[in-house]
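Q: Hey, dropping query.cif in here, mmCIF, C-alpha atoms and all ligand atoms:
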```
data_protein
#
loop_
_atom_site.label_atom_id
_atom_site.label_comp_id
_atom_site.auth_asym_id
_atom_site.auth_seq_id
_atom_site.Cartn_x
_atom_site.Cartn_y
_atom_site.Cartn_z
CA MET A 2 88.35 96.26 52.85
CA ALA A 3 85.38 94.12 53.86
CA ASP A 4 82.92 92.75 51.27
CA PRO A 5 81.34 95.89 49.61
CA ARG A 6 78.07 94.04 48.79
CA ARG A 7 77.07 93.86 52.46
CA ARG A 8 74.17 96.01 53.59
CA ALA A 9 74.73 99.01 55.91
CA ALA A 10 73.69 97.33 59.17
CA THR A 11 76.08 94.46 58.52
CA ALA A 12 78.88 96.59 57.10
CA ALA A 13 78.83 98.93 60.08
CA ILE A 14 79.56 95.96 62.34
CA HIS A 15 81.90 93.95 60.14
CA THR A 16 84.57 96.36 58.93
CA ARG A 17 88.23 95.56 59.47
CA ARG A 18 89.47 95.75 63.07
CA ALA A 19 92.75 97.57 63.75
CA ALA A 20 95.64 95.18 63.79
CA THR A 21 97.72 95.32 66.98
CA PRO A 22 101.24 96.51 66.09
CA ALA A 23 103.76 93.97 67.29
CA ARG A 24 105.20 95.96 70.19
CA PRO A 25 103.50 99.20 71.19
CA VAL A 26 105.62 100.83 73.91
CA SER A 27 102.49 101.65 75.90
CA SER A 28 99.96 98.81 75.88
CA PRO A 29 96.62 99.45 74.20
CA ILE A 30 93.43 99.48 76.28
CA PHE A 31 91.51 96.32 75.40
CA GLN A 32 88.05 97.81 75.82
CA SER A 33 86.43 94.55 74.83
CA THR A 34 84.08 92.36 76.84
CA ALA A 35 84.72 89.28 74.73
CA PHE A 36 87.41 87.68 72.57
CA ALA A 37 86.83 85.52 69.49
CA ALA A 38 88.24 82.02 69.12
CA ALA A 39 89.41 80.15 66.01
CA SER A 40 87.36 77.03 66.77
CA ALA A 41 84.67 75.70 69.10
CA ASP A 42 87.30 73.54 70.77
CA ALA A 43 89.58 76.51 71.39
CA LEU A 44 86.71 78.50 72.89
CA ALA A 45 85.78 75.62 75.20
CA ARG A 46 89.40 75.38 76.29
CA VAL A 47 89.81 79.07 77.22
CA ALA A 48 86.41 79.11 78.99
CA VAL A 49 87.92 77.17 81.92
CA GLU A 50 91.40 78.68 81.87
CA VAL A 51 92.16 80.69 85.04
CA ALA A 52 92.11 84.47 84.34
CA THR A 53 92.61 83.89 80.62
CA PRO A 54 92.83 87.11 78.60
CA ASP A 55 91.25 85.31 75.61
CA PHE A 56 87.65 84.55 76.53
CA TYR A 57 85.38 87.06 78.30
CA THR A 58 86.40 90.08 80.40
CA ARG A 59 84.70 88.80 83.59
CA HIS A 60 87.05 85.79 83.27
CA GLY A 61 90.06 87.91 82.29
CA ASN A 62 91.31 90.62 79.94
CA PRO A 63 94.77 91.52 78.56
CA ASN A 64 94.81 94.70 80.70
CA HIS A 65 93.94 92.60 83.76
CA ALA A 66 96.76 90.18 82.98
CA GLU A 67 99.25 93.01 82.64
CA LEU A 68 98.24 94.57 85.98
CA ALA A 69 98.09 91.25 87.85
CA ASP A 70 101.55 90.40 86.57
CA ALA A 71 102.97 93.77 87.65
CA VAL A 72 101.64 93.50 91.20
CA ALA A 73 102.60 89.82 91.56
CA THR A 74 106.12 90.66 90.39
CA LEU A 75 106.48 93.57 92.83
CA GLU A 76 105.08 91.50 95.72
CA ARG A 77 107.28 88.47 94.74
CA ALA A 78 104.16 86.33 94.47
CA GLU A 79 103.40 83.52 91.99
CA ALA A 80 100.14 84.88 90.58
CA GLY A 81 97.54 87.61 90.93
CA LEU A 82 93.95 88.51 90.20
CA VAL A 83 92.40 91.97 89.76
CA PHE A 84 88.99 93.37 90.78
CA GLY A 85 86.84 96.46 90.40
CA SER A 86 87.77 97.66 93.91
CA GLY A 87 89.79 96.71 96.96
CA MET A 88 86.61 95.54 98.68
CA GLY A 89 85.84 93.40 95.61
CA ALA A 90 89.23 91.74 96.06
CA LEU A 91 88.75 91.16 99.79
CA THR A 92 85.12 89.99 99.69
CA THR A 93 85.79 87.58 96.84
CA THR A 94 88.92 86.23 98.56
CA VAL A 95 87.21 85.68 101.91
CA LEU A 96 84.07 84.13 100.35
CA SER A 97 86.31 81.69 98.49
CA LEU A 98 88.01 80.57 101.71
CA VAL A 99 85.33 80.32 104.42
CA GLY A 100 81.83 78.93 104.83
CA SER A 101 79.10 78.43 107.38
CA GLY A 102 80.33 77.19 110.77
CA GLN A 103 83.88 78.40 110.14
CA HIS A 104 85.78 81.17 111.90
CA ILE A 105 87.96 84.19 111.06
CA VAL A 106 90.43 86.06 113.24
CA ALA A 107 90.81 89.75 112.36
CA GLN A 108 92.28 92.85 113.96
CA ARG A 109 90.16 95.08 116.14
CA SER A 110 91.79 98.02 114.34
CA MET A 111 91.72 97.83 110.54
CA TYR A 112 90.07 99.38 107.48
CA GLY A 113 86.38 100.06 108.23
CA GLY A 114 85.17 98.14 105.18
CA THR A 115 87.10 95.05 106.27
CA LEU A 116 85.61 95.24 109.77
CA SER A 117 82.15 95.71 108.33
CA LEU A 118 82.55 92.61 106.10
CA VAL A 119 83.67 90.54 109.10
CA GLN A 120 81.20 91.95 111.65
CA LYS A 121 78.10 92.56 109.55
CA LEU A 122 77.97 90.56 106.31
CA LEU A 123 79.75 87.27 107.10
CA PRO A 124 77.80 86.50 110.32
CA ARG A 125 74.64 86.41 108.17
CA PHE A 126 76.21 83.46 106.38
CA GLY A 127 77.22 81.66 109.57
CA VAL A 128 80.88 82.76 109.62
CA GLU A 129 82.05 83.64 113.12
CA TYR A 130 84.89 85.95 114.09
CA THR A 131 87.21 87.08 116.87
CA LEU A 132 88.95 90.47 116.87
CA VAL A 133 92.40 90.81 118.43
CA ASP A 134 94.96 93.45 119.34
CA GLN A 135 97.21 93.12 116.29
CA ALA A 136 100.39 94.03 118.18
CA ASP A 137 99.94 91.07 120.55
CA THR A 138 101.04 87.86 118.77
CA GLY A 139 99.87 85.83 121.78
CA ALA A 140 96.34 87.19 121.27
CA TRP A 141 96.34 85.86 117.67
CA ALA A 142 97.37 82.41 118.94
CA GLU A 143 94.67 82.41 121.63
CA ALA A 144 91.93 83.47 119.22
CA ILE A 145 92.52 80.54 116.85
CA THR A 146 89.96 77.71 117.19
CA PRO A 147 89.69 74.38 115.33
CA ALA A 148 87.15 76.14 113.03
CA THR A 149 89.52 79.00 112.09
CA ARG A 150 90.21 79.15 108.35
CA VAL A 151 91.51 82.69 107.78
CA LEU A 152 93.55 85.35 109.60
CA LEU A 153 92.92 88.89 108.31
CA ILE A 154 95.94 91.14 108.79
CA GLU A 155 96.57 94.82 108.06
CA SER A 156 99.93 96.42 108.83
CA PRO A 157 100.34 99.34 109.20
CA SER A 158 96.65 99.53 110.02
CA ASN A 159 94.11 102.20 109.35
CA PRO A 160 93.82 104.71 110.97
CA ARG A 161 96.26 104.35 113.89
CA LEU A 162 99.25 102.88 112.02
CA GLU A 163 99.61 99.90 114.35
CA ILE A 164 101.96 97.10 113.35
CA THR A 165 101.41 93.32 113.13
CA ASP A 166 104.37 90.92 113.32
CA LEU A 167 103.86 89.41 109.85
CA ARG A 168 106.40 86.62 110.24
CA ALA A 169 105.15 85.49 113.66
CA VAL A 170 101.48 85.48 112.65
CA ALA A 171 102.27 83.69 109.35
CA GLU A 172 104.08 80.95 111.31
CA LEU A 173 101.15 80.50 113.69
CA ALA A 174 98.80 80.05 110.76
CA ARG A 175 101.03 77.84 108.64
CA ALA A 176 101.47 75.31 111.44
CA ARG A 177 97.66 74.92 111.58
CA GLY A 178 96.80 75.02 107.86
CA ILE A 179 95.11 78.43 108.19
CA VAL A 180 95.32 80.96 105.31
CA THR A 181 96.81 84.39 106.09
CA VAL A 182 95.42 87.36 104.13
CA ALA A 183 97.22 90.70 104.49
CA ASP A 184 96.08 94.15 103.34
CA ASN A 185 99.26 95.82 102.01
CA THR A 186 97.54 99.00 100.79
CA PHE A 187 99.25 101.40 103.22
CA ALA A 188 102.77 99.98 102.84
CA THR A 189 102.81 99.11 99.11
CA PRO A 190 105.34 96.50 97.89
CA VAL A 191 107.94 99.27 97.78
CA ASN A 192 107.98 99.41 101.59
CA GLN A 193 106.91 95.89 102.57
CA ARG A 194 106.51 92.45 100.97
CA PRO A 195 104.36 90.24 103.20
CA VAL A 196 104.83 87.18 100.93
CA GLU A 197 108.50 87.15 101.92
CA ALA A 198 107.40 87.03 105.58
CA GLY A 199 105.34 83.90 104.80
CA ILE A 200 101.91 85.50 104.29
CA ASP A 201 99.75 83.47 101.86
CA LEU A 202 97.66 86.17 100.18
CA VAL A 203 98.35 89.89 99.86
CA TRP A 204 95.67 92.30 98.69
CA HIS A 205 95.48 95.97 97.81
CA SER A 206 93.05 98.72 97.33
CA ALA A 207 94.80 99.58 94.04
CA THR A 208 92.60 102.68 94.12
CA LYS A 209 95.25 104.17 96.45
CA TYR A 210 99.04 104.14 95.93
CA LEU A 211 99.17 101.64 93.04
CA ALA A 212 96.96 103.86 90.86
CA GLY A 213 98.22 106.95 92.69
CA HIS A 214 96.22 109.70 91.01
CA SER A 215 92.66 109.49 92.46
CA ASP A 216 91.31 108.47 89.07
CA ALA A 217 90.80 104.69 89.10
CA SER A 218 88.97 102.25 91.37
CA ALA A 219 90.62 98.81 91.52
CA GLY A 220 91.65 95.91 93.72
CA VAL A 221 94.17 93.10 93.46
CA VAL A 222 95.11 89.94 95.33
CA VAL A 223 98.34 87.99 94.85
CA GLY A 224 99.69 84.69 96.19
CA ARG A 225 100.32 81.06 95.26
CA ALA A 226 98.76 80.03 91.95
CA GLU A 227 96.62 77.32 93.55
CA LEU A 228 95.00 79.85 95.94
CA ILE A 229 94.52 82.36 93.13
CA GLU A 230 92.68 79.67 91.15
CA THR A 231 90.34 79.07 94.11
CA ILE A 232 89.62 82.81 94.33
CA TRP A 233 89.12 83.09 90.57
CA ASN A 234 86.38 80.45 90.70
CA THR A 235 84.50 82.60 93.23
CA ALA A 236 85.33 85.79 91.31
CA LEU A 237 83.23 84.44 88.42
CA ASN A 238 80.22 84.39 90.80
CA VAL A 239 80.89 87.68 92.58
CA GLY A 240 81.59 89.56 89.34
CA ALA A 241 83.54 92.49 90.81
CA VAL A 242 85.04 93.06 87.36
CA LEU A 243 87.72 95.69 86.76
CA GLY A 244 87.14 97.91 83.73
CA PRO A 245 89.97 97.68 81.17
CA ILE A 246 90.54 101.45 81.28
CA ASP A 247 90.94 101.41 85.05
CA ALA A 248 93.30 98.42 84.79
CA TRP A 249 95.37 100.39 82.29
CA LEU A 250 95.44 103.46 84.58
CA VAL A 251 96.60 101.41 87.58
CA THR A 252 99.33 99.75 85.49
CA ARG A 253 100.48 103.18 84.38
CA GLY A 254 100.52 104.32 88.01
CA ILE A 255 102.70 101.35 88.95
CA ARG A 256 105.41 102.46 86.51
CA THR A 257 106.16 105.40 88.86
CA LEU A 258 105.26 103.68 92.15
CA ASP A 259 108.80 103.48 93.48
CA LEU A 260 109.47 107.18 92.85
CA ARG A 261 106.17 108.27 94.31
CA VAL A 262 106.34 106.10 97.42
CA GLY A 263 109.90 107.28 98.11
CA ARG A 264 108.60 110.85 98.15
CA HIS A 265 105.49 109.96 100.20
CA ASN A 266 107.77 108.26 102.79
CA ALA A 267 110.11 111.23 103.07
CA THR A 268 107.28 113.75 103.39
CA ALA A 269 105.50 111.70 106.07
CA VAL A 270 108.71 111.46 108.12
CA ALA A 271 109.18 115.24 107.87
CA LEU A 272 105.58 115.91 108.92
CA ALA A 273 105.71 113.38 111.76
CA GLU A 274 108.93 114.93 113.12
CA HIS A 275 107.46 118.41 112.91
CA LEU A 276 104.05 117.58 114.42
CA ARG A 277 105.64 115.58 117.25
CA LYS A 278 106.97 118.87 118.63
CA HIS A 279 103.81 120.92 118.01
CA PRO A 280 102.09 122.11 121.21
CA ALA A 281 98.58 121.49 119.78
CA VAL A 282 99.37 117.81 119.05
CA LYS A 283 99.04 115.23 121.83
CA VAL A 284 100.49 112.27 119.94
CA VAL A 285 101.65 111.37 116.43
CA HIS A 286 100.99 107.82 115.24
CA TYR A 287 103.66 106.96 112.65
CA PRO A 288 105.71 103.74 112.63
CA GLY A 289 108.77 105.65 111.43
CA LEU A 290 109.01 107.57 114.72
CA PRO A 291 111.22 105.93 117.37
CA SER A 292 108.43 106.79 119.85
CA HIS A 293 105.97 104.45 118.05
CA PRO A 294 105.39 101.39 120.29
CA SER A 295 106.27 98.98 117.42
CA HIS A 296 108.98 101.05 115.74
CA ALA A 297 111.64 98.31 116.06
CA LEU A 298 109.36 95.69 114.50
CA ALA A 299 108.30 98.11 111.73
CA ALA A 300 111.97 98.81 110.97
CA ARG A 301 112.59 95.04 110.69
CA GLN A 302 109.74 94.24 108.31
CA MET A 303 109.53 97.50 106.32
CA THR A 304 112.07 99.43 104.28
CA GLY A 305 110.02 102.65 104.44
CA PHE A 306 107.08 103.65 106.64
CA GLY A 307 104.56 104.96 104.12
CA GLY A 308 102.77 108.24 103.46
CA VAL A 309 99.98 108.08 106.05
CA LEU A 310 100.18 109.30 109.63
CA SER A 311 97.56 110.16 112.20
CA ILE A 312 97.64 112.68 114.98
CA GLU A 313 95.61 113.13 118.13
CA LEU A 314 94.93 116.77 118.84
CA ARG A 315 94.63 118.27 122.28
CA GLY A 316 90.98 119.27 122.58
CA ASP A 317 87.76 117.62 121.50
CA ARG A 318 86.04 116.53 118.32
CA ALA A 319 85.16 120.15 117.44
CA THR A 320 88.84 121.15 117.64
CA ALA A 321 89.76 118.35 115.23
CA VAL A 322 86.99 119.22 112.78
CA ARG A 323 87.83 122.95 112.91
CA THR A 324 91.51 122.27 112.26
CA ILE A 325 90.75 119.98 109.31
CA GLU A 326 88.41 122.54 107.77
CA ARG A 327 91.10 125.24 107.99
CA LEU A 328 93.59 123.23 105.92
CA GLU A 329 94.06 124.44 102.35
CA LEU A 330 96.46 122.00 100.67
CA PHE A 331 95.08 118.92 102.45
CA GLN A 332 91.67 118.25 100.91
CA LEU A 333 88.98 116.76 103.11
CA SER A 334 88.51 113.44 101.33
CA ALA A 335 88.08 109.77 102.24
CA SER A 336 90.89 108.43 100.09
CA LEU A 337 94.71 108.33 100.33
CA GLY A 338 97.73 107.35 98.27
CA SER A 339 97.38 110.05 95.66
CA VAL A 340 99.40 112.97 94.30
CA GLU A 341 97.12 115.28 96.34
CA SER A 342 97.40 115.47 100.12
CA LEU A 343 94.17 114.36 101.78
CA VAL A 344 92.82 114.52 105.32
CA VAL A 345 89.96 112.82 107.16
CA HIS A 346 88.35 112.85 110.56
CA PRO A 347 87.95 109.06 111.07
CA ALA A 348 85.41 109.43 113.91
CA SER A 349 83.02 111.24 111.52
CA MET A 350 83.71 109.08 108.48
CA TRP A 351 83.42 105.70 110.16
CA GLY A 352 80.25 106.64 112.04
CA ALA A 353 78.23 105.32 109.11
CA MET A 354 79.92 101.91 109.09
CA LEU A 355 80.62 101.18 112.78
CA THR A 356 78.91 101.71 116.13
CA GLU A 357 80.48 103.99 118.81
CA GLU A 358 81.60 100.88 120.66
CA GLN A 359 83.25 99.33 117.59
CA MET A 360 84.97 102.64 116.83
CA SER A 361 86.41 102.99 120.27
CA ALA A 362 87.64 99.36 120.10
CA ALA A 363 89.29 100.24 116.76
CA GLY A 364 91.09 103.16 118.47
CA VAL A 365 89.18 105.87 116.60
CA GLN A 366 89.24 108.73 119.14
CA PRO A 367 87.21 111.94 118.55
CA GLY A 368 90.40 114.04 118.31
CA LEU A 369 92.08 111.72 115.79
CA VAL A 370 93.03 113.21 112.40
CA ARG A 371 94.42 111.07 109.54
CA LEU A 372 96.81 112.75 107.13
CA ALA A 373 97.73 111.20 103.78
CA CYS A 374 100.74 113.02 102.33
CA GLY A 375 100.62 113.76 98.64
CA LEU A 376 103.52 114.71 96.43
CA GLU A 377 103.54 118.45 97.15
CA ASP A 378 106.63 120.04 98.70
CA ALA A 379 106.86 119.00 102.37
CA ALA A 380 107.65 122.58 103.48
CA ASP A 381 104.36 123.83 102.00
CA LEU A 382 102.42 121.04 103.72
CA ILE A 383 104.05 121.89 107.05
CA ASP A 384 103.12 125.58 106.58
CA ASP A 385 99.54 124.52 105.84
CA LEU A 386 99.38 122.39 109.02
CA ASP A 387 100.94 125.12 111.16
CA ARG A 388 98.42 127.65 109.90
CA ALA A 389 95.48 125.32 110.58
CA LEU A 390 96.76 124.30 114.02
CA GLU A 391 97.32 127.89 115.13
CA GLY A 392 94.94 128.55 117.96
CA ALA A 393 93.56 124.99 117.84
C1 LIG B 1 90.58 102.13 100.58
C2 LIG B 1 91.03 100.94 101.34
C3 LIG B 1 90.40 99.70 101.17
C4 LIG B 1 89.19 99.52 100.26
O1 LIG B 1 89.52 99.66 98.93
P1 LIG B 1 88.47 100.14 97.77
O2 LIG B 1 89.32 100.18 96.56
O3 LIG B 1 87.93 101.46 98.19
O4 LIG B 1 87.40 99.10 97.74
C5 LIG B 1 90.91 98.62 101.85
N1 LIG B 1 91.96 98.74 102.69
C6 LIG B 1 92.56 99.92 102.91
C7 LIG B 1 93.70 99.98 103.86
C8 LIG B 1 92.11 101.06 102.24
O5 LIG B 1 92.72 102.23 102.47
#
```
Kindly present the structure from the file in structure tokens form.
Ligand SMILES: *Cc1c(COP(=O)(O)O)cnc(C)c1O
A:
Amino acid sequence: MADPRRRAATAAIHTRRAATPARPVSSPIFQSTAFAAASADALARVAVEVATPDFYTRHGNPNHAELADAVATLERAEAGLVFGSGMGALTTTVLSLVGSGQHIVAQRSMYGGTLSLVQKLLPRFGVEYTLVDQADTGAWAEAITPATRVLLIESPSNPRLEITDLRAVAELARARGIVTVADNTFATPVNQRPVEAGIDLVWHSATKYLAGHSDASAGVVVGRAELIETIWNTALNVGAVLGPIDAWLVTRGIRTLDLRVGRHNATAVALAEHLRKHPAVKVVHYPGLPSHPSHALAARQMTGFGGVLSIELRGDRATAVRTIERLELFQLSASLGSVESLVVHPASMWGAMLTEEQMSAAGVQPGLVRLACGLEDAADLIDDLDRALEGA
């Protein structure tokens, strides 16, 4: 018991803190913004330690350390850093690597937030860019200039599931001292490990498959320790801090990642095979289908093809919207990677972020529908799609 002579205001603050049992099977949530040190020297030491869990939560937290370690381990990377969102991870990473007068090469088709960072925000700070067809390795080589510092890669890409040759693009960059940054959100480390293909930094919207239950917003980047230290220094300025509870939720999600992704993969294959033969569907974009233009490459660099597919419907925008609104199990929602199946109409959703011209360059056609398979029974999802497509 604390000193009983203390007055109420003091006593309320200075009672005994719960001791941490030596080895709880599930880690506690360290809902603490700061950590106390034994001496002024010790505090000064941890203040400059990269992602230390012993100083201040914007610098690091035990739940951050646990999550960063889990993702780095799965991605076979040296170190990792976590953020309050995927965009927090990307923006902090890119700001730590480029400056005014320098140049980025990105894909013309990739996550809308990534394109908006490259096309809208960075040019205001003097960072130039070139967008390329990701499937054309020659185009990547041609786009590189002496000012290029970063290549932004996403494979499979959103929303058309196009594939980048990770090994070839990593080699191009390495030879010129350029940093490669790959978004591995769609694949997850269960299906693809870009670090093994020579990619320098791999990032995730952990909000999606890593968390897996539509209940936590988080981001993570992993790579060589020296690069992670560079990003951490910028992270202190950007302050896209991950809440300890959300870090804990994502770590819990990761414990079942392999099981979940296995099921997502199998369901997406079943849906792709079914929809491929449906008369209302013009084309199915899914790297697991032999008809996908980069299927052979995808099969070389991935061990599974993920839970997202997109389809182009015969008919116009109104047909696509009507079909989506008739679905019952697929909820109309912007996210993916969760236990629930979700669907979006990219042409409507991206309208806010990109111009018509940018959307058409990114391959977002009016009849395009993106399906993110959840963990429901595949036969029920197929029934739902058939019902919605009837008369489309
Ligand atoms: C959702 C998503 C992002 C952005 O992540 P947030 O956690 O929403 O910031 C980035 N890349 C891909 C592929 C995504 O699906």
Q: Please find the residues contacting ligand LIG 1 (chain B) at a distance of at most 8 Å between atoms, with only C-alpha atoms and all ligand atoms counted, and report them as a PyMOL selection string.
A: chain A and resi 85-90+111-115+155+158-159+184-187+205-209+218-220+336-337
Q: Please tell me which residues are no farther than 10 Å from (97.4, 85.9, 100.0) in the file, counting only C-alpha atoms, and write them as a list in words.
A: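 Selection result: Ala78, Ala80, Gly81, Thr94, Leu153, Val180, Thr181, Val182, Ala183, Asp184, Pro195, Val196, Gly199, Ile200, Asp201, Leu202, Val203, Trp204, Val222, Val223, Gly224, Arg225, Leu228 and Ile229 of chain A.
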Q: (87.7, 83.6, 110.1) in this file's frame - what residues fall within 9 Å of it? Use all atoms listed in the file and give the answer as an mmCIF file with C-alpha atoms, in the coordinates of the input.
A:
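Result written to out26.cif:
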```cif
data_model
loop_
_atom_site.group_PDB
_atom_site.id
_atom_site.type_symbol
_atom_site.label_atom_id
_atom_site.label_comp_id
_atom_site.auth_asym_id
_atom_site.auth_seq_id
_atom_site.Cartn_x
_atom_site.Cartn_y
_atom_site.Cartn_z
ATOM 1 C CA VAL A 95 87.210 85.680 101.910
ATOM 2 C CA LEU A 98 88.010 80.570 101.710
ATOM 3 C CA VAL A 99 85.330 80.320 104.420
ATOM 4 C CA GLN A 103 83.880 78.400 110.140
ATOM 5 C CA HIS A 104 85.780 81.170 111.900
ATOM 6 C CA ILE A 105 87.960 84.190 111.060
ATOM 7 C CA VAL A 106 90.430 86.060 113.240
ATOM 8 C CA ALA A 107 90.810 89.750 112.360
ATOM 9 C CA VAL A 119 83.670 90.540 109.100
ATOM 10 C CA VAL A 128 80.880 82.760 109.620
ATOM 11 C CA GLU A 129 82.050 83.640 113.120
ATOM 12 C CA TYR A 130 84.890 85.950 114.090
ATOM 13 C CA THR A 131 87.210 87.080 116.870
ATOM 14 C CA ILE A 145 92.520 80.540 116.850
ATOM 15 C CA ALA A 148 87.150 76.140 113.030
ATOM 16 C CA THR A 149 89.520 79.000 112.090
ATOM 17 C CA ARG A 150 90.210 79.150 108.350
ATOM 18 C CA VAL A 151 91.510 82.690 107.780
ATOM 19 C CA LEU A 152 93.550 85.350 109.600
ATOM 20 C CA LEU A 153 92.920 88.890 108.310
#
```
Q: Excluding same-chain residues fewer than 2 positions from region 60-67 of chain A, what lies within 7 Å of it counting only C-alpha atoms, as a compact mmCIF listing (two decimals) with C-alpha atoms, in the frame of the given file?
A:
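So the final result, stored in out.txt, reads:
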```txt
# COMPACT_ATOMS: atom_id res chain seq x y z
CA ILE A 30 93.43 99.48 76.28
CA PHE A 31 91.51 96.32 75.40
CA ALA A 52 92.11 84.47 84.34
CA THR A 53 92.61 83.89 80.62
CA PRO A 54 92.83 87.11 78.60
CA ASP A 55 91.25 85.31 75.61
CA PHE A 56 87.65 84.55 76.53
CA TYR A 57 85.38 87.06 78.30
CA THR A 58 86.40 90.08 80.40
CA ALA A 69 98.09 91.25 87.85
CA ASP A 70 101.55 90.40 86.57
CA ALA A 71 102.97 93.77 87.65
CA VAL A 83 92.40 91.97 89.76
CA LEU A 237 83.23 84.44 88.42
CA PRO A 245 89.97 97.68 81.17
CA ALA A 248 93.30 98.42 84.79
CA TRP A 249 95.37 100.39 82.29
```
Q: Could you list, as a PyMOL selection string, every residue within 7 Å of Pro347 (chain A), counting only C-alpha atoms and ignoring same-chain residues fewer than 3 positions away?
A: chain A and resi 350-351+365+369-371
Q: Nearest to Leu118 (chain A): which of A:Val344, A:Ala136, A:Ala41, A:Leu91 is it, counting all atoms listed in the file?
A: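 With all atoms listed in the file as the atom set, the closest residue is A:Leu91.
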Q: Would you mind reading off the distance between CA of Ser361 (chain A) and CA of Cys374 (chain A), one decimal, in Å?
A: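 Going from CA of Ser361 (chain A) over to CA of Cys374 (chain A), I get 25.1 Å.
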Q: How far is it from CA of His286 (chain A) to CA of Ser311 (chain A), in Å with one decimal?
A: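 Between CA of His286 (chain A) and CA of Ser311 (chain A) the gap works out to 5.1 Å.
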Q: Would you mind telling me which residue in A:Leu330, A:Ala3, A:Ala48, A:Ala13 lies nearest to Asp385 (chain A) when using all atoms listed in the file?
A: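 Closest to Asp385 (chain A) of all the choices is A:Leu330.
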Q: As a ChimeraX atom specification, please: the residues near Ala144 (chain A) (cut-off 8 Å, only C-alpha atoms, same-chain neighbours under 2 positions excluded).
A: /A:106,131-133,140-142,146
Q: Applying 12 Å and only C-alpha atoms, which residues near Gly316 (chain A) remain after dropping the ones on its own chain fewer than 6 positions away? List them as an MDAnalysis selection string.
A: chainID A and resid 280:283 322:324 366:369 390 392:393
Q: Nearest residue to Leu376 (chain A) out of A:Val49, A:Leu116, A:Leu258, A:Ile164, using only C-alpha atoms?
A: A:Leu258
Q: Restricting the calculation to only C-alpha atoms, which member of A:Ala236, A:Ala188, A:Leu382, A:Arg318 is positioned closest to Ala273 (chain A)?
A: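 For Ala273 (chain A), the nearest of the given residues is A:Leu382.
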Q: Counting only C-alpha atoms, which residue out of A:Ala269, A:Leu122, A:Asp247, A:Arg161 sits closest to Met360 (chain A)?
A: A:Arg161
Q: For CA of Ile312 (chain A) and CA of Val284 (chain A), quote the distance in Å rounded to one decimal.
A: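 Those two atoms sit 5.7 Å apart.
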Q: Rank nothing, just name the residue among A:Leu123, A:Val191, A:Ala176, A:Leu290 nearest to Leu276 (chain A), using only C-alpha atoms.
A: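 Result for the nearest residue to Leu276 (chain A): A:Leu290.
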Q: For region 198-210 of chain A, take all atoms listed in the file, fit an axis-aligned box around them, add 5 Å to each of the six sides, then output centre and edge lengths in Å rounded to one decimal, as JSON.
A:
```
{"center_x": 100.0, "center_y": 93.8, "center_z": 99.8, "size_x": 24.8, "size_y": 30.7, "size_z": 21.5}
```
Q: Mind dumping region 32-43 of chain A from that block, keeping N, CA and C atoms, as a CSV table (one decimal), in the first residue's frame?
A:
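Saved file part-v6.csv follows:
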```csv
chain,number,residue,atom,x,y,z
A,32,GLN,N,-1.5,0.7,-22.5
A,32,GLN,CA,-2.2,1.9,-22.8
A,32,GLN,C,-1.6,3.0,-22.1
A,33,SER,N,-0.3,3.3,-22.4
A,33,SER,CA,0.5,4.3,-21.7
A,33,SER,C,1.2,5.2,-22.7
A,34,THR,N,1.1,6.5,-22.5
A,34,THR,CA,1.8,7.4,-23.5
A,34,THR,C,3.3,7.6,-23.1
A,35,ALA,N,3.6,7.2,-21.9
A,35,ALA,CA,5.0,7.5,-21.4
A,35,ALA,C,5.5,6.4,-20.5
A,36,PHE,N,6.8,6.2,-20.4
A,36,PHE,CA,7.4,5.2,-19.6
A,36,PHE,C,8.4,5.8,-18.7
A,37,ALA,N,8.5,5.4,-17.4
A,37,ALA,CA,9.4,6.1,-16.4
A,37,ALA,C,10.7,5.4,-16.5
A,38,ALA,N,11.8,6.2,-16.2
A,38,ALA,CA,13.1,5.7,-16.2
A,38,ALA,C,13.7,5.7,-14.8
A,39,ALA,N,14.7,4.9,-14.5
A,39,ALA,CA,15.3,4.9,-13.2
A,39,ALA,C,16.3,6.0,-12.9
A,40,SER,N,16.8,6.7,-14.0
A,40,SER,CA,17.7,7.8,-13.8
A,40,SER,C,17.6,8.7,-15.0
A,41,ALA,N,18.1,9.9,-14.8
A,41,ALA,CA,18.1,10.9,-15.8
A,41,ALA,C,19.0,10.4,-17.0
A,42,ASP,N,20.1,9.8,-16.7
A,42,ASP,CA,20.9,9.2,-17.8
A,42,ASP,C,20.2,8.2,-18.6
A,43,ALA,N,19.5,7.3,-17.9
A,43,ALA,CA,18.7,6.2,-18.6
A,43,ALA,C,17.7,6.8,-19.5
```
